[in-house]
Amino acid sequence: MLFNSAEFALFLPCVLAAFFATPARWRWLILLAASYFFYGSWNVYYLTLILATTGVTYVASRAIAAAPNLGRRRGWLIGAVVVNLGILFAFKYFNFFSASFAAGCGLFGGDNRPLLLHVALPVGISFYTFQALGHAVDVYRGDAEPEKRFGIFALFVAFFPQLVAGPIERSSRLLPQLKKAVTFDYRQASDGLKLIAWGLFKKVVIADRLAVYVNGVYGDASGAGGAQLLIATYFFAFQILCDFSGYTDIAIGVAQMFGVKLTQNFHRPYFAQSTPEFWRRWHVTLSTWFRDYLYIPLGGNRVSRSRWLFNIVIVFLLSGLWHGANWTFAAWGLWHGAAVAVSVLTLARREKVATALGLSRLPRWSAAWRMVFTFHWVVFGWVLFRASSIGEGWLIFRKIFAGEWTGSVTAGVVGRFDFLLAVALIAALLVIEAVRSRVRLRQWVAAQSWWLRWAIYFCGATAILLLGVFEKVEFIYFQF
Amino acid sequence: MKKLASKILLLLLLLAVEYAGLEAVARALYPEASLRLAAKDVLLAQRAETIEVLLMGNSHAARGIDPADLSRPAFNLAFPATDLYNCRHLLARVVDRLPRLRTIIVNLSDHSFAFDAATQTPALVYQFWEVYRIPPRSSSLVTPLRYAQYLSRFWLVRGTFLKDFIRHGLRRRPPRDPILAVETLHDDGFRTTSLSLPPAVMRQHAAKRVTRHIEFGTDESARERNRDYLRDFLTLAAEHRLDVVIVTLPLSTSYRELYPRELSSQFDDDLHQVLADLPDVRYLDFGSTPGLTNDDFKDADHLNGRGAAKVTRLLDVALFGDSELE
């Protein structure tokens with residue numbers, strides 16, 4: 001069941017009505033049932049995986065808290081990590097590593113037939129696995145108490161607004177909210193609805209419209225010209241932003257209607273002035289997850305310089321692979337890892353050069369240049385993310401930079417009107433994002449007179465109706 | 001909660017009024033689409049007494065075989081996204097209406113045995129229900145909401161509604177697709193255009209179509225069902241003492257280069273499984289007809305009027321060449 005489907009438009013009010021019609025102490029049960037129904041609508045058999053993750057992590061967390069010594073605690077934690085990552089590995093990575101291993105054997109004359117598991121990738125498995133694992137680690141560290149009630153813990157793992165594409169929540173933040181007795185708050189619910197509408201607009205009007213061009217051009221990268229591939233790459237940068245941040249806005253809005261505040265996952269990432277800053281603005285809950293549960297345990301920056309660089313690169317490599325079982329994602333992770341490593345290595349020298357050139361006296365220009373450079377680094381990184389193979393990624397880079405700029409910009413994939421509309425929508429998005437950095441738009445709207453507010457809502461809904469693409473296009477991050 | 005619910009209902013009411021307005025404008029702007037199966041059925045009824053050859057199948061046949069180039073009275077009832085399930089039921093619905101019918105020419109495409117129209121194009125499946133009361137193969141995929149969307153003219157033309165409205169105001173205009181706009185539906189059910197695509201656009205279109213056709217999958221149980229539907233179709237035709245000729249039609253070079261060979265081989269296997277027990281059914285493969293160029297194709301996998309004329313003449317010679325001499 002997709003957020004941008006008629007089924008969800010029916011499902012949400014039904015769950016909301018049932019939730020508030022039920023006595024407060026049983027409401028978690030409504031949310032849990034709704035969450036399992038929501039997930040089961042994709043594949044009912046894969047509910048067993050969520051139940052396995054939930055059961056194993058629940059037992060391990062309780063055992064960690066009750067263990068008499070460090071060895072036992074560590075043993076239970078390792079058990080939880082092995083089982084959870086084992087499930088993730090089997091369903092997401094086994095075929096990839098098996099095929100890669102077989103290909104490697106083939107190079108040396110060995111058997112190149114991979115052993116493959118014929119299983120579909122469970123939707124959102126990386127998200128709920130990481131959320132559950134985070135809880136076990138928090139309990140091990142003493143940062144969180146283990147949840148005593150299995151049902152509440154099951155809801156923490158499966159809470160439907162953020163189940164399939166995050167934000168990846170910490171138990172210390174989400175569990176208390178799930179246990180809290182909630183009363184209906186008009187302002188909060190109304191605010192949540194506006195966020196849902198904005199998320200829906202970004203998804204169906206911008207992301208899915210851009211997807212038509214991007215899919216058309218990337219679908220035949222060998223036949224496309226450099227200009228078309230360059231435009232498709234820019235478009236993809238905004239497609240994935242609107243797709244993922246649109247999903248997150250809807251998730252946050254839906255949760256808000258149930259009285260739960262989820263973590264903001266995006267802070268205008270394309271306005272970042274460096275790659276490290278980009279990662280503090282893009283998919284924040286994943287970045288902080290890797291920081292807290294991998295980077296810092298590896299020693300973070302409190303180690304030798306070479307080890308520090310190794311820590312950065314390995315974290316980004318794994319972060320890339322988290323997104324998908326393909327070498328393209330590993331390359332994408334390394335692309336960003338390399339940028340962050342170079343960024344921290346050269347910081348002092350760059351500041352010296354900037355001072356010597358007098359750029360420090362032009363802070364706005366300097367900031368603009370950094371923003372443009374970072375944006376383009378990120379955009380070209382998306383080539384690796386979107387390409388179906390490393391070879392195709394290389395072909396696209398070659399076509400873009402070797403000047404093979406043939407063919408019309410619309411690529412015969414969309415009409416001129418649709419192309420210009422896509423460009424206009426990107427421009428509108430950038431303006432809105434820039435305004436949002438100064439003004440809290442939802443509060444601004446709420447402060448206006450009723451007729452202006454209603455005019456804005458009506459125009460927004462009309463824009464979705466007239467410009468939206470309603471082809472049930474899945475959110476990109478569902479595959480992770 | 002009541003306050004919020006009442007405000008949402010009010011907004012929905014306003015949007016419903018707006019939608020009604022857009023629907024009225026769309027109905028004023030766009031004429032009844034001659035793309036509908038209903039339009040073909042009307043033409044079929046007008047010619048029912050004379051038809052000897054009935055052409056059936058999907059869009060490849062709908063645009064690829066011109067009844068006018070056959071030497072017997074023929075009608076093209078092929079329709080986009082007609083899968084083997086609908087093809088079989090369609091024959092059952094029309095066969096008794098055509099007293100002089102002798103021959104059925106049905107086209108199969110490489111993806112025909114993997115294709116279930118209900119999973120891909122429900123809007124088209126509805127037409128089989130609307131015109132011939134053929135129930136959808138998978139009822140769960142055909143919901144009341146989708147059916148309501150299908151009935152709405154605004155929803156059908158929504159993709160280009162705004163563009164057309166900005167460009168042309170309230171003047172009436174032909175259907176949205178620029179190629180469809182210049183296509184003509186002839187009295188014999190043949191829909192044709194003289195347009196073709198530039199090579200670069202043709203390649204893009206081929207990639208899109210091949211990707212779409214690969215997505216139909218290779219599921220053995222789905223193929224088995226489709227093989228059974230084809231067997232039923234052939235049995236039904238035999239019961240009515242009709243000759244059946246199965247044809248495959250040409251595809252552009254761009255399409256053929258991209259289409260996986262293993263899927264083509266799979267199609268051959270499926271077809272041979274069906275035909276192994278039916279030696280009387282003729283199979284004519286025009287897939288690699290020589291002398292066709294890009295100019296003979298409307299797009300990557302559909303012939304245009306010129307290409308259809310060339311292929312239909314070859315088909316006519318193959319089928320009726322001898323009788324012409326007699």
# chains A, B, ... in the order shown; residues from 1 in each chain; ligands from 1
call {"tool": "interface_residues", "arguments": {"of": "chain B", "to": "chain A", "cutoff": "7 Å", "atoms": "only C-alpha atoms", "output": "PyMOL selection string"}}
result
chain B and resi 1+4+158+162-163+201+203-204+207-208
call {"tool": "select_by_dssp", "arguments": {"residues": "range 47-176 of chain A", "states": "helix (DSSP H, G or I)", "output": "PyMOL selection string"}}
result
chain A and resi 47-66+70-107+125-141+150-158+160-162+171-176
call {"tool": "write_last_selection", "arguments": {"atoms": "C-alpha atoms", "output": "PDB file, in the first residue's frame"}}
result
ATOM      1  CA  LEU A  47       5.455 -10.304   8.160  1.00  0.00           C
ATOM      2  CA  THR A  48       7.281 -13.298   9.593  1.00  0.00           C
ATOM      3  CA  LEU A  49      10.572 -11.471   9.012  1.00  0.00           C
ATOM      4  CA  ILE A  50       9.372  -8.446  10.971  1.00  0.00           C
ATOM      5  CA  LEU A  51       8.142 -10.755  13.710  1.00  0.00           C
ATOM      6  CA  ALA A  52      11.509 -12.550  13.764  1.00  0.00           C
ATOM      7  CA  THR A  53      13.408  -9.260  13.972  1.00  0.00           C
ATOM      8  CA  THR A  54      11.036  -8.039  16.671  1.00  0.00           C
ATOM      9  CA  GLY A  55      11.180 -11.255  18.704  1.00  0.00           C
ATOM     10  CA  VAL A  56      14.948 -11.669  18.552  1.00  0.00           C
ATOM     11  CA  THR A  57      15.666  -8.032  19.394  1.00  0.00           C
ATOM     12  CA  TYR A  58      13.087  -7.971  22.196  1.00  0.00           C
ATOM     13  CA  VAL A  59      14.513 -11.090  23.867  1.00  0.00           C
ATOM     14  CA  ALA A  60      18.118  -9.962  23.361  1.00  0.00           C
ATOM     15  CA  SER A  61      17.461  -6.449  24.717  1.00  0.00           C
ATOM     16  CA  ARG A  62      15.800  -7.825  27.834  1.00  0.00           C
ATOM     17  CA  ALA A  63      18.603 -10.337  28.279  1.00  0.00           C
ATOM     18  CA  ILE A  64      21.273  -7.654  27.817  1.00  0.00           C
ATOM     19  CA  ALA A  65      19.693  -5.545  30.544  1.00  0.00           C
ATOM     20  CA  ALA A  66      19.395  -8.519  32.873  1.00  0.00           C
ATOM     21  CA  LEU A  70      29.823  -7.676  30.420  1.00  0.00           C
ATOM     22  CA  GLY A  71      30.602 -10.968  28.674  1.00  0.00           C
ATOM     23  CA  ARG A  72      26.981 -12.080  28.760  1.00  0.00           C
ATOM     24  CA  ARG A  73      25.760  -8.655  27.673  1.00  0.00           C
ATOM     25  CA  ARG A  74      28.164  -8.697  24.769  1.00  0.00           C
ATOM     26  CA  GLY A  75      27.140 -12.247  23.870  1.00  0.00           C
ATOM     27  CA  TRP A  76      23.454 -11.312  23.668  1.00  0.00           C
ATOM     28  CA  LEU A  77      24.251  -8.209  21.642  1.00  0.00           C
ATOM     29  CA  ILE A  78      26.369 -10.189  19.199  1.00  0.00           C
ATOM     30  CA  GLY A  79      23.529 -12.715  18.929  1.00  0.00           C
ATOM     31  CA  ALA A  80      21.012  -9.958  18.095  1.00  0.00           C
ATOM     32  CA  VAL A  81      23.371  -8.399  15.559  1.00  0.00           C
ATOM     33  CA  VAL A  82      24.158 -11.717  13.871  1.00  0.00           C
ATOM     34  CA  VAL A  83      20.519 -12.793  13.572  1.00  0.00           C
ATOM     35  CA  ASN A  84      19.240  -9.410  12.375  1.00  0.00           C
ATOM     36  CA  LEU A  85      22.058  -8.808   9.927  1.00  0.00           C
ATOM     37  CA  GLY A  86      21.829 -12.465   8.892  1.00  0.00           C
ATOM     38  CA  ILE A  87      18.203 -11.978   7.820  1.00  0.00           C
ATOM     39  CA  LEU A  88      19.162  -8.775   6.045  1.00  0.00           C
ATOM     40  CA  PHE A  89      22.104 -10.491   4.357  1.00  0.00           C
ATOM     41  CA  ALA A  90      20.084 -13.497   3.226  1.00  0.00           C
ATOM     42  CA  PHE A  91      17.300 -11.447   1.651  1.00  0.00           C
ATOM     43  CA  LYS A  92      19.252  -8.491   0.361  1.00  0.00           C
ATOM     44  CA  TYR A  93      22.916  -9.307  -0.128  1.00  0.00           C
ATOM     45  CA  PHE A  94      23.356 -13.052  -0.568  1.00  0.00           C
ATOM     46  CA  ASN A  95      22.668 -13.108  -4.305  1.00  0.00           C
ATOM     47  CA  PHE A  96      24.871 -10.073  -4.862  1.00  0.00           C
ATOM     48  CA  PHE A  97      27.885 -11.513  -3.075  1.00  0.00           C
ATOM     49  CA  SER A  98      27.286 -14.956  -4.535  1.00  0.00           C
ATOM     50  CA  ALA A  99      27.158 -13.552  -8.076  1.00  0.00           C
ATOM     51  CA  SER A 100      30.218 -11.391  -7.450  1.00  0.00           C
ATOM     52  CA  PHE A 101      32.125 -14.354  -6.004  1.00  0.00           C
ATOM     53  CA  ALA A 102      31.170 -16.539  -8.952  1.00  0.00           C
ATOM     54  CA  ALA A 103      32.209 -13.808 -11.386  1.00  0.00           C
ATOM     55  CA  GLY A 104      35.543 -13.589  -9.555  1.00  0.00           C
ATOM     56  CA  CYS A 105      35.988 -17.366  -9.806  1.00  0.00           C
ATOM     57  CA  GLY A 106      35.144 -17.133 -13.495  1.00  0.00           C
ATOM     58  CA  LEU A 107      38.009 -14.702 -14.043  1.00  0.00           C
ATOM     59  CA  ILE A 125      13.957  -4.415   5.470  1.00  0.00           C
ATOM     60  CA  SER A 126      17.029  -2.188   5.880  1.00  0.00           C
ATOM     61  CA  PHE A 127      15.014   0.425   7.749  1.00  0.00           C
ATOM     62  CA  TYR A 128      13.318  -1.711  10.356  1.00  0.00           C
ATOM     63  CA  THR A 129      16.416  -3.900  10.844  1.00  0.00           C
ATOM     64  CA  PHE A 130      18.547  -0.845  11.628  1.00  0.00           C
ATOM     65  CA  GLN A 131      15.893   0.630  13.907  1.00  0.00           C
ATOM     66  CA  ALA A 132      15.632  -2.612  15.897  1.00  0.00           C
ATOM     67  CA  LEU A 133      19.405  -3.062  16.029  1.00  0.00           C
ATOM     68  CA  GLY A 134      19.841   0.503  17.265  1.00  0.00           C
ATOM     69  CA  HIS A 135      17.614  -0.327  20.228  1.00  0.00           C
ATOM     70  CA  ALA A 136      19.680  -3.389  21.167  1.00  0.00           C
ATOM     71  CA  VAL A 137      22.899  -1.348  21.031  1.00  0.00           C
ATOM     72  CA  ASP A 138      21.329   1.478  23.067  1.00  0.00           C
ATOM     73  CA  VAL A 139      20.295  -0.999  25.759  1.00  0.00           C
ATOM     74  CA  TYR A 140      23.787  -2.524  25.731  1.00  0.00           C
ATOM     75  CA  ARG A 141      25.324   0.918  26.197  1.00  0.00           C
ATOM     76  CA  PHE A 150       6.286  -7.031  23.715  1.00  0.00           C
ATOM     77  CA  GLY A 151       3.335  -5.420  21.930  1.00  0.00           C
ATOM     78  CA  ILE A 152       4.717  -1.918  22.376  1.00  0.00           C
ATOM     79  CA  PHE A 153       8.134  -3.055  21.194  1.00  0.00           C
ATOM     80  CA  ALA A 154       6.538  -4.722  18.170  1.00  0.00           C
ATOM     81  CA  LEU A 155       4.843  -1.409  17.407  1.00  0.00           C
ATOM     82  CA  PHE A 156       8.180   0.396  17.739  1.00  0.00           C
ATOM     83  CA  VAL A 157       9.648  -1.866  15.030  1.00  0.00           C
ATOM     84  CA  ALA A 158       6.588  -1.817  12.772  1.00  0.00           C
ATOM     85  CA  PHE A 160       3.464   2.021   9.798  1.00  0.00           C
ATOM     86  CA  PRO A 161       4.179   5.679   8.942  1.00  0.00           C
ATOM     87  CA  GLN A 162       7.932   5.081   9.058  1.00  0.00           C
ATOM     88  CA  SER A 171      13.872   3.871  20.851  1.00  0.00           C
ATOM     89  CA  SER A 172      14.541   6.540  23.473  1.00  0.00           C
ATOM     90  CA  ARG A 173      12.589   8.977  21.311  1.00  0.00           C
ATOM     91  CA  LEU A 174       9.835   6.834  19.804  1.00  0.00           C
ATOM     92  CA  LEU A 175       8.944   4.306  22.531  1.00  0.00           C
ATOM     93  CA  PRO A 176       7.808   6.880  25.127  1.00  0.00           C
TER      94      PRO A 176
END
call {"tool": "residues_around", "arguments": {"residues": "Tyr259 in chain B", "least_positions_apart": "2", "cutoff": "9 Å", "atoms": "only C-alpha atoms", "output": "PyMOL selection string"}}
result
chain B and resi 206-207+210-211+213-214+254-257+261-264
call {"tool": "write_last_selection", "arguments": {"atoms": "N, CA, C and O atoms", "output": "compact mmCIF listing (two decimals), in the first residue's frame"}}
result
# COMPACT_ATOMS: atom_id res chain seq x y z
N ALA B 206 12.02 2.27 -28.50
CA ALA B 206 12.28 0.82 -28.47
C ALA B 206 12.71 0.41 -27.06
O ALA B 206 12.24 -0.60 -26.53
N ALA B 207 13.60 1.20 -26.47
CA ALA B 207 14.08 0.87 -25.11
C ALA B 207 12.92 0.85 -24.12
O ALA B 207 12.81 -0.04 -23.28
N VAL B 210 10.66 -2.26 -24.95
CA VAL B 210 11.29 -3.54 -24.59
C VAL B 210 11.28 -3.69 -23.06
O VAL B 210 10.94 -4.76 -22.54
N THR B 211 11.63 -2.62 -22.36
CA THR B 211 11.62 -2.68 -20.90
C THR B 211 10.23 -3.07 -20.40
O THR B 211 10.08 -3.92 -19.52
N HIS B 213 7.90 -4.68 -22.00
CA HIS B 213 7.54 -6.05 -22.36
C HIS B 213 8.31 -7.08 -21.53
O HIS B 213 7.78 -8.13 -21.21
N ILE B 214 9.55 -6.75 -21.18
CA ILE B 214 10.31 -7.67 -20.33
C ILE B 214 9.65 -7.77 -18.96
O ILE B 214 9.63 -8.83 -18.33
N SER B 254 15.46 -1.47 -34.18
CA SER B 254 15.84 -1.00 -32.83
C SER B 254 15.24 -1.90 -31.77
O SER B 254 15.89 -2.27 -30.79
N TYR B 255 13.99 -2.27 -31.97
CA TYR B 255 13.31 -3.12 -30.99
C TYR B 255 13.95 -4.50 -30.96
O TYR B 255 14.26 -5.04 -29.90
N ARG B 256 14.16 -5.06 -32.13
CA ARG B 256 14.68 -6.44 -32.20
C ARG B 256 16.08 -6.53 -31.60
O ARG B 256 16.44 -7.53 -30.99
N GLU B 257 16.86 -5.46 -31.79
CA GLU B 257 18.23 -5.48 -31.23
C GLU B 257 18.20 -5.53 -29.70
O GLU B 257 19.08 -6.11 -29.08
N ARG B 261 17.01 -12.47 -26.57
CA ARG B 261 16.78 -13.64 -27.41
C ARG B 261 16.11 -14.77 -26.63
O ARG B 261 15.30 -15.52 -27.19
N GLU B 262 16.46 -14.88 -25.34
CA GLU B 262 15.90 -16.00 -24.57
C GLU B 262 14.38 -15.86 -24.46
O GLU B 262 13.66 -16.87 -24.40
N LEU B 263 13.89 -14.63 -24.46
CA LEU B 263 12.44 -14.45 -24.39
C LEU B 263 11.79 -14.81 -25.72
O LEU B 263 10.68 -15.34 -25.76
N SER B 264 12.49 -14.53 -26.81
CA SER B 264 11.96 -14.93 -28.12
C SER B 264 11.92 -16.46 -28.22
O SER B 264 10.96 -17.04 -28.74
call {"tool": "select_by_dssp", "arguments": {"residues": "range 111-299 of chain B", "states": "strand (DSSP E)", "output": "ChimeraX atom specification"}}
result
/B:184-185,191-192,243-248,282-285,297-299
call {"tool": "closest_residue", "arguments": {"among": "B:Ser112, B:Asn107, B:Thr160, B:Ser252", "to": "Asp301 in chain B", "atoms": "only C-alpha atoms"}}
result
B:Ser252
call {"tool": "atom_distance", "arguments": {"atom1": "CA of Ala341 in chain A", "atom2": "CA of Ile312 in chain A"}}
result
6.6 Å
